[in-house]
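> Dropping a structure here in structure tokens format, bear with me for questions.
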Amino acid sequence: FKMLRFLIFLGLGLALILGALSDCNVCSSVTNVACVSNTSFQFCSTDLVPTGSIYTCPTGYYCTANSVICEANAAFRSCVGCGLCNTDSIFACLSANTFALCLGTTTPSQIVGSCGTNYVCDWSNPEICGTVATGSQATCPGTSDGIPGVDPTTMTPTEFCNIVQQNGRFPYGVDLTTTCRQYIYCHVNAGVWSGALYDCPGQTYFNSTARLCGTGVPPRCSTGYPTSCWSSGSGSCSGTTITNANEYCRSLGTAGRYPYGGLTATTCKQYVTCYSVDGVFYGNIYSCPASTYFDSTTQLCTTKTQARCSDTVQCLTLNDRLLP
């Protein structure tokens, strides 16, 4: 009888957890709220589209699909993997196309990378960044404003929807006479994302704020800013480059050995040793022997090529300064 009662309680507990788990940007049938990250959420419209302001859970709480939106128990979180170091402690996805190196620990570091155009950060991809065509999905799906670095006109609507992973309508392009008058509609059925391309009626344009067709010309079409220029707020590949080891170590502020850059033929084979003297950080650059690369997880030189040096990664930055 005791074993039966234990199994009943175990089953109820598992049902509660499984009921609370959901996908990012999917409206919960319980609260009519969609989690957009581990710790933030949006309310949903009557047609189950996340919309409006983004709200943040209190510190130490996670967004869930449970009746209580923010829970302290991480097992209930909806956006599993977002902001967390992967099982190999190599990287953590921060947004749809940005990541941080974990340097062999369980905490994302200050070294941030950006995936290439139309690539997304995939927590389960050993190469860090991948495309929908090769089976990758964004671990941290985008917001209603679009996905930085992703141009919908270069892929099918279904491929785009597998990246954004959010119900609703999205702008398709910026050409005033063609793509500005179109939009992509994304929806999910049994966990599978699909998309279709639609035309606005008559002489109307798609408004990405209202998510409706209207007579006003949207700013993205009047200015000619392409979809791929939407800002993510992090992981920018513009700015000045760190040029020496002392500058690197003072920006990092921690002693140890760290990757110097992401160029396969040069800086991927180098590392920086940081140390402190009287509270001031200094550094030296060293090169790995022969045809070896610096492994940011083990802090050793290895013959294995490194994911951060892949062509799918556009750049690496340290506190908004580009690494060489």
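Chain identifiers are assigned as A, B, and so on, following the order in which chains appear in the structure tokens; residues are numbered from 1 within each chain, and ligands are numbered from 1 in order of appearance.
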Determine, counting only C-alpha atoms, which protein, DNA and RNA residues have an atom within 6 Å of an atom of Cys102 in chain A; residues of the same chain fewer than 6 positions away are not included. Present the result as a compact mmCIF listing (two decimals) with N, CA, C and O atoms, in the first residue's frame.


```txt
# COMPACT_ATOMS: atom_id res chain seq x y z
N SER A 89 29.77 22.43 -20.96
CA SER A 89 30.29 23.69 -20.39
C SER A 89 31.10 24.48 -21.39
O SER A 89 32.09 25.13 -21.05
N ILE A 90 30.64 24.46 -22.66
CA ILE A 90 31.33 25.20 -23.72
C ILE A 90 30.69 26.57 -23.92
O ILE A 90 31.38 27.58 -24.00
N PHE A 91 29.35 26.62 -23.99
CA PHE A 91 28.68 27.89 -24.29
C PHE A 91 27.27 27.89 -23.72
O PHE A 91 26.72 26.84 -23.34
N PRO A 108 27.98 31.46 -17.64
CA PRO A 108 28.40 32.15 -18.86
C PRO A 108 29.40 33.25 -18.55
O PRO A 108 29.27 33.97 -17.56
N SER A 109 30.45 33.38 -19.39
CA SER A 109 31.49 34.37 -19.16
C SER A 109 31.15 35.68 -19.85
O SER A 109 30.10 35.84 -20.46
```

> Using only C-alpha atoms, which protein or nucleic acid residues come within 10 Å of Asn38 in chain A? Drop anything in the same chain fewer than 4 positions from it, and give the result as an MDAnalysis selection string.

chainID A and resid 24 56:57 61:64 70 74 77:84 140

> Using only C-alpha atoms, can you tell me which of A:Asp199, A:Asp320, A:Glu127, A:Asp151 comes closest to Thr240 in chain A?

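Ranked by minimum distance to Thr240 in chain A, first place goes to A:Asp320.
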
> Any idea what's packed within 9 Å of range 310-315 of chain A, counting only C-alpha atoms, ignoring anything in its chain fewer than 6 positions away? Could you give it as a list in words?

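Here the answer would be Val112, Gly113, Ser114, Cys115, Gly116, Thr117, Tyr119, Glu127, Ile128, Cys129, Gly130, Gly235, Ser236, Cys237, Gly261, Gly262, Leu263, Thr264, Leu322, Leu323 and Pro324 of chain A.
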
> Compile a residue-level contact table for range 238-271 of chain A against range 277-287 of chain A at a cut-off of 8 Å, reporting for every qualifying residue the shortest atom pair and its distance in Å to one decimal, with only C-alpha atoms counted, rows ordered by chain and ascending number, as JSON lines.


```
{"residue": "A:Ala245", "atom": "CA", "partner": "A:Gly283", "partner_atom": "CA", "distance": 4.7}
{"residue": "A:Asn246", "atom": "CA", "partner": "A:Tyr282", "partner_atom": "CA", "distance": 4.6}
{"residue": "A:Glu247", "atom": "CA", "partner": "A:Tyr282", "partner_atom": "CA", "distance": 7.8}
{"residue": "A:Tyr248", "atom": "CA", "partner": "A:Gly283", "partner_atom": "CA", "distance": 7.4}
{"residue": "A:Cys249", "atom": "CA", "partner": "A:Gly283", "partner_atom": "CA", "distance": 5.8}
{"residue": "A:Arg250", "atom": "CA", "partner": "A:Phe281", "partner_atom": "CA", "distance": 5.2}
{"residue": "A:Gly253", "atom": "CA", "partner": "A:Phe281", "partner_atom": "CA", "distance": 6.7}
{"residue": "A:Thr254", "atom": "CA", "partner": "A:Phe281", "partner_atom": "CA", "distance": 7.9}
{"residue": "A:Ala255", "atom": "CA", "partner": "A:Phe281", "partner_atom": "CA", "distance": 7.9}
{"residue": "A:Tyr260", "atom": "CA", "partner": "A:Ile285", "partner_atom": "CA", "distance": 7.8}
{"residue": "A:Lys269", "atom": "CA", "partner": "A:Ser287", "partner_atom": "CA", "distance": 5.9}
{"residue": "A:Gln270", "atom": "CA", "partner": "A:Ser287", "partner_atom": "CA", "distance": 4.4}
{"residue": "A:Tyr271", "atom": "CA", "partner": "A:Tyr286", "partner_atom": "CA", "distance": 5.5}
```

> Using only N, CA, C and O atoms, please write the residues we just selected to a file, as a PDB file, in the first residue's frame.


```pdb
ATOM      1  N   ALA A 245      47.373  42.001 -24.848  1.00  0.00           N
ATOM      2  CA  ALA A 245      46.989  41.131 -23.743  1.00  0.00           C
ATOM      3  C   ALA A 245      46.657  41.901 -22.463  1.00  0.00           C
ATOM      4  O   ALA A 245      45.761  41.507 -21.712  1.00  0.00           O
ATOM      5  N   ASN A 246      47.368  42.981 -22.191  1.00  0.00           N
ATOM      6  CA  ASN A 246      47.076  43.762 -20.990  1.00  0.00           C
ATOM      7  C   ASN A 246      45.663  44.342 -21.041  1.00  0.00           C
ATOM      8  O   ASN A 246      44.916  44.302 -20.055  1.00  0.00           O
ATOM      9  N   GLU A 247      45.304  44.864 -22.195  1.00  0.00           N
ATOM     10  CA  GLU A 247      43.976  45.415 -22.395  1.00  0.00           C
ATOM     11  C   GLU A 247      42.906  44.324 -22.224  1.00  0.00           C
ATOM     12  O   GLU A 247      41.869  44.539 -21.602  1.00  0.00           O
ATOM     13  N   TYR A 248      43.193  43.159 -22.764  1.00  0.00           N
ATOM     14  CA  TYR A 248      42.298  42.005 -22.669  1.00  0.00           C
ATOM     15  C   TYR A 248      42.053  41.640 -21.200  1.00  0.00           C
ATOM     16  O   TYR A 248      40.919  41.502 -20.742  1.00  0.00           O
ATOM     17  N   CYS A 249      43.139  41.468 -20.442  1.00  0.00           N
ATOM     18  CA  CYS A 249      43.041  41.008 -19.059  1.00  0.00           C
ATOM     19  C   CYS A 249      42.409  42.047 -18.140  1.00  0.00           C
ATOM     20  O   CYS A 249      41.688  41.699 -17.198  1.00  0.00           O
ATOM     21  N   ARG A 250      42.651  43.322 -18.414  1.00  0.00           N
ATOM     22  CA  ARG A 250      42.043  44.352 -17.587  1.00  0.00           C
ATOM     23  C   ARG A 250      40.546  44.469 -17.863  1.00  0.00           C
ATOM     24  O   ARG A 250      39.767  44.836 -16.987  1.00  0.00           O
ATOM     25  N   GLY A 253      39.327  41.070 -16.059  1.00  0.00           N
ATOM     26  CA  GLY A 253      39.433  41.230 -14.611  1.00  0.00           C
ATOM     27  C   GLY A 253      39.527  39.936 -13.828  1.00  0.00           C
ATOM     28  O   GLY A 253      39.160  39.894 -12.650  1.00  0.00           O
ATOM     29  N   THR A 254      40.041  38.863 -14.445  1.00  0.00           N
ATOM     30  CA  THR A 254      40.160  37.562 -13.772  1.00  0.00           C
ATOM     31  C   THR A 254      41.441  36.872 -14.213  1.00  0.00           C
ATOM     32  O   THR A 254      41.791  36.893 -15.387  1.00  0.00           O
ATOM     33  N   ALA A 255      42.124  36.246 -13.267  1.00  0.00           N
ATOM     34  CA  ALA A 255      43.355  35.517 -13.591  1.00  0.00           C
ATOM     35  C   ALA A 255      43.019  34.167 -14.222  1.00  0.00           C
ATOM     36  O   ALA A 255      41.977  33.567 -13.949  1.00  0.00           O
ATOM     37  N   TYR A 260      42.012  33.798 -27.130  1.00  0.00           N
ATOM     38  CA  TYR A 260      42.339  35.143 -27.599  1.00  0.00           C
ATOM     39  C   TYR A 260      41.445  35.602 -28.743  1.00  0.00           C
ATOM     40  O   TYR A 260      41.198  36.789 -28.902  1.00  0.00           O
ATOM     41  N   LYS A 269      44.449  29.615 -32.401  1.00  0.00           N
ATOM     42  CA  LYS A 269      45.587  28.823 -31.921  1.00  0.00           C
ATOM     43  C   LYS A 269      46.306  29.527 -30.765  1.00  0.00           C
ATOM     44  O   LYS A 269      47.326  29.029 -30.262  1.00  0.00           O
ATOM     45  N   GLN A 270      45.787  30.679 -30.337  1.00  0.00           N
ATOM     46  CA  GLN A 270      46.446  31.467 -29.296  1.00  0.00           C
ATOM     47  C   GLN A 270      45.588  31.554 -28.034  1.00  0.00           C
ATOM     48  O   GLN A 270      44.373  31.352 -28.071  1.00  0.00           O
ATOM     49  N   TYR A 271      46.249  31.863 -26.932  1.00  0.00           N
ATOM     50  CA  TYR A 271      45.519  32.094 -25.683  1.00  0.00           C
ATOM     51  C   TYR A 271      46.236  33.176 -24.881  1.00  0.00           C
ATOM     52  O   TYR A 271      47.410  33.486 -25.114  1.00  0.00           O
TER      53      TYR A 271
END
```
